[in-house]
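Heads up: the structure comes next, in structure tokens.
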Amino acid sequence: MKNDKHEQKQYFLHGGDYNPEQWRETPEILHEDLQLMQKAKCNTFSVGIFSWSALEPKEGEYDFSFLDETIANLASIGAKVNLSTPSAAMPYWMAAKYPEIMKVNVDGVRKKFGGRQNFCPTSPVYRKKVREINKKLSERYGRNENVLLWHISNEYYGEPCYCPLCKAKFREYLKKKYGTVERLNHEYWTAFWSHTYSSFEEVEPNGIAGVQLDWRRFTSENYRDFMREEIAAVRRYSDKKVTTNMVTAIYEMDYCKFAGDLDIISFDNYPAWHSPEHLHEAAASAFWHDFFRSLKNAPYLLMESSPGLENWKKYNKLKENGMDKLASMQAVAHGSDGVLYFQWRKSRGDSEKFHGAVVDHVGNDNTRIFRTVQNTGETLEKIAEIAGTNTKRAEVAILFDWENMWAFERSQFAGRKNYRGDVIEAYKFFWNNAIPCDIRNPHDDLSGYKLVVAVDLYMVGETVENNLTEYVKSGGALYAKCFLGMVNENDLCHPRGFPAGKLKEVFGIWNEELDTLYPGDMRKLSANGKEYAITAYEEHIHARGATVLGQYSDGMFSCEPCFTENSYGEGKAYYQAFADDGEFEKDAFERICDALGIKSVCGGVKEKTFGITAHMRTDGKTEYLFIENYTDEASGEIALEIPHEDMETGEIVTSVNLPRYGVRILKTKVKG
């Protein structure tokens with residue numbers, strides 16, 4: 001990012017959540033914080049996230065003194081503030097006076113005061129109170145040069161509220177969407193089990209598939225509408241950019257929809273480093289970095305990460321030496337313009353007092369984690385020229401659709417259904433081979449990509465059907481895996497078989513039936529003279545014009561097609577009709593990428609073990625290459641096609657050898 005106070009020089013944000021209101025009785029600690037922040041090379045702090053009771057201790061009585069002091073103190077050391085709106089946690093007086101603002105659970109029980117994100121997003125009273133405090137903040141700090149951006153709320157959970165207000169608003173949502181109850185009955189197929197509605201007022205947010213899918217859509221949209229009101233309030237007196245910190249683990253929020261309301265995308269990332277699935281976690285973390293970057297095709301922010309352990313998981317591992325820098329550089333390599341932590345200083349009490357922090361309970365800089373954060377900050381300063389640049393243009397898009405996930409994982413036709421996991425499994429090939437990827441919604445314009453990958457794309461409406469058809473017809477290569485186009489946007493099965501409509505022509509196949517394997521079962525297939533294992537699903541497909549490239553080797557579908565290629569218009573469509581352990585996908589993607597001329601940003605990592613990879617950012621004149629080793633062994637020599645300059649040492653290198661959890665950041669001028 002750029003900072004007016006830094007003479008327009010580029011720099012990375014480094015810092016994290018800061019809660020000085022917890023330490024008002026010990027001003028010496030606040031003074032120590034300022035000294036330690038400078039030592040840790042931190043320059044940006046998220047302030048005010050859970051500060052409502054300090055800002056408005058009684059209804060209508062405001063006290064901004066601690067916030068005034070905090071912003072001024074941070075400004076004195078050249079640090080900036082991400083100023084949060086406090087809606088994530090209400091003060092006690094509000095819940096006591098207005099109990100109707102509390103969320104109601106599915107059993108109709110209204111929640112009591114305590115916790116966070118426990119408000120009803122429809123409540124007119126809570127919305128009014130949030131608008132009032134946000135406008136006060138905007139009026140007081142909206143033009144403050146030390147406030148960098150607005151941090152809207154904190155981790156909207158998206159947990160639904162079942163109060164009468166939310167149900168009534170949901171029914172209005174359905175009326176607007178369907179127009180008539182007859183249309184709703186058709187789209188929900190309510191004649192099944194005699195669930196036909198005679199009015200919208202009879203619809204409850206549970207039960208049949210169509211209702212549950214729309215209830216999820218409504219709930220996500222209702223929180224988005226709440227967020228819009230928050231944004232409008234802070235913009236009353238301010239033109240500073242806005243963000244809200246999203247979370248990969250939150251299932252209920254369709255973040256693809258939220259992006260249009262935000263100026264900057266930010267998210268919180270807490271991989272299970274050093275777990276038995278460490279390398280999978282590394283790839284999954286990379287996927288989410290690419291997902292959030294792709295929402296705006298622009299630099300974003302890693303708003304929260306842990307400098308040590310997280311205290312809320314079943315197992316809470318410390319980051320080993322080198323891991324904080326590697327994880328931080330992973331964010332930067334994928335396009336983040338900042339590395340921010342939860343939290344700056346450990347709280348003395350309550351639920352996150354043992355969560356990792358830059359400053360431990362000992363309260364000084366003489367800790368392993370403090371020195372680790374300090375080292376990461378020094379690296380960010382050395383590579384500051386990268387801030388603001390974009391990632392290397394991707395020629396591959398992986399499709400990810402939040403609504404498809406909701407529909408697919410609720411569907412009652414198969415065993416294990418893990419949409420996010422299945423998509424990430426496909427992503428792993430490209431991550432490990434240092435091939436840039438964007439993560440796209442199937443409604444997006446796909447025309448700029450050589451290859452598009454669609455995994456478990458179960459829900460395909462007419463718009464998506466046309467989008468995929470046009471993409472292939474115009475010369476794209478589309479790779480689909482399992483369950484393609486089984487239902488429309490309201491979870492109704494497509495007539496005339498699967499996949500949906502024109503996609504049968506695009507892929508040149510017809511999918512007749514699906515077999516689910518029991519745990520431990522295995523089937524086999526043969527393709528390109530090699531045999532592979534099938535571990536979860538196998539579809540019974542028929543080639544209707546497609547070229548058969550793979551066949552089942554055993555079972556009741558023996559000698560039937562299971563992998564096909566079809567020419568359609570100027571492009572090609574590939575269909576994988578089974579789920580495997582990833583070995584088949586790896587070989588298929590490698591052949592397709594070679595045929596399409598899709599190349600790695602660092603060819604030297606391609607022959608290395610899984611977990612050694614590379615990513616690139618560029619401003620069009622200089623390329624910045626990040627080579628990363630997520631394994632617990634040294635990488636061995638990784639050759640570079642041309643000499644690069646090491647940005648931390650200034651050394652000119654033609655190869656690198658990374659230690660365990662090591663990363664090198666290199667640069668070179670773009671040819672021509």
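Scheme for the structure tokens: letters A, B, ... for chains in order shown; per-chain residue numbers from 1; ligand numbers from 1 in order shown.
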10 Å contact set for segment 61-67 of chain A, only C-alpha atoms, chain neighbours under 3 positions out, as a ChimeraX atom specification: /A:20-21,24,47-48,51-58,70-73,83,133,136-137,140-141
For segment 366-370 of chain A, find every residue with an atom within 8 Å (counting only C-alpha atoms), except residues of its own chain fewer than 3 positions away, and show them as a PyMOL selection string. chain A and resi 40+307-308+358-360+373-374
Record the distance separating atom CA of Ala454 of chain A and atom CA of Glu531 of chain A, expressed in Å with one decimal. 23.7 Å
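With distances restricted to only C-alpha atoms, A:Lys112 is the closest residue to Tyr92 of chain A from A:Lys112, A:Phe430, A:Ala191, A:Lys346.
Residues with any atom within 7 Å of Val663 of chain A, counting only C-alpha atoms and excluding same-chain neighbours fewer than 5 positions away, are Leu326, Phe626, Ile627, Glu628, Asn629 and Leu658 of chain A.
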Keeping C-alpha atoms for every residue in the selection just given, could you write it to a file as a PDB file, in the first residue's frame?
```
ATOM      1  CA  LEU A 326       7.129 -18.594   5.433  1.00  0.00           C
ATOM      2  CA  PHE A 626       8.874 -16.278  -4.132  1.00  0.00           C
ATOM      3  CA  ILE A 627      10.252 -19.814  -3.789  1.00  0.00           C
ATOM      4  CA  GLU A 628       8.761 -21.632  -0.794  1.00  0.00           C
ATOM      5  CA  ASN A 629       9.543 -24.874   1.005  1.00  0.00           C
ATOM      6  CA  LEU A 658      15.962 -23.771   0.789  1.00  0.00           C
TER       7      LEU A 658
END
```
Any chance you could tabulate, as a tab-separated table, the residues of segment 426-473 of chain A at most 9 Å from segment 503-509 of chain A with each one's nearest atom pair and distance in Å to one decimal, using only C-alpha atoms, in chain and rising number order?
```
residue	atom	partner	partner_atom	distance
A:Glu465	CA	A:Leu503	CA	6.8
A:Asn466	CA	A:Leu503	CA	8.7
A:Leu468	CA	A:Leu503	CA	8.0
A:Thr469	CA	A:Val506	CA	6.4
A:Val472	CA	A:Val506	CA	7.5
A:Lys473	CA	A:Val506	CA	8.1
```
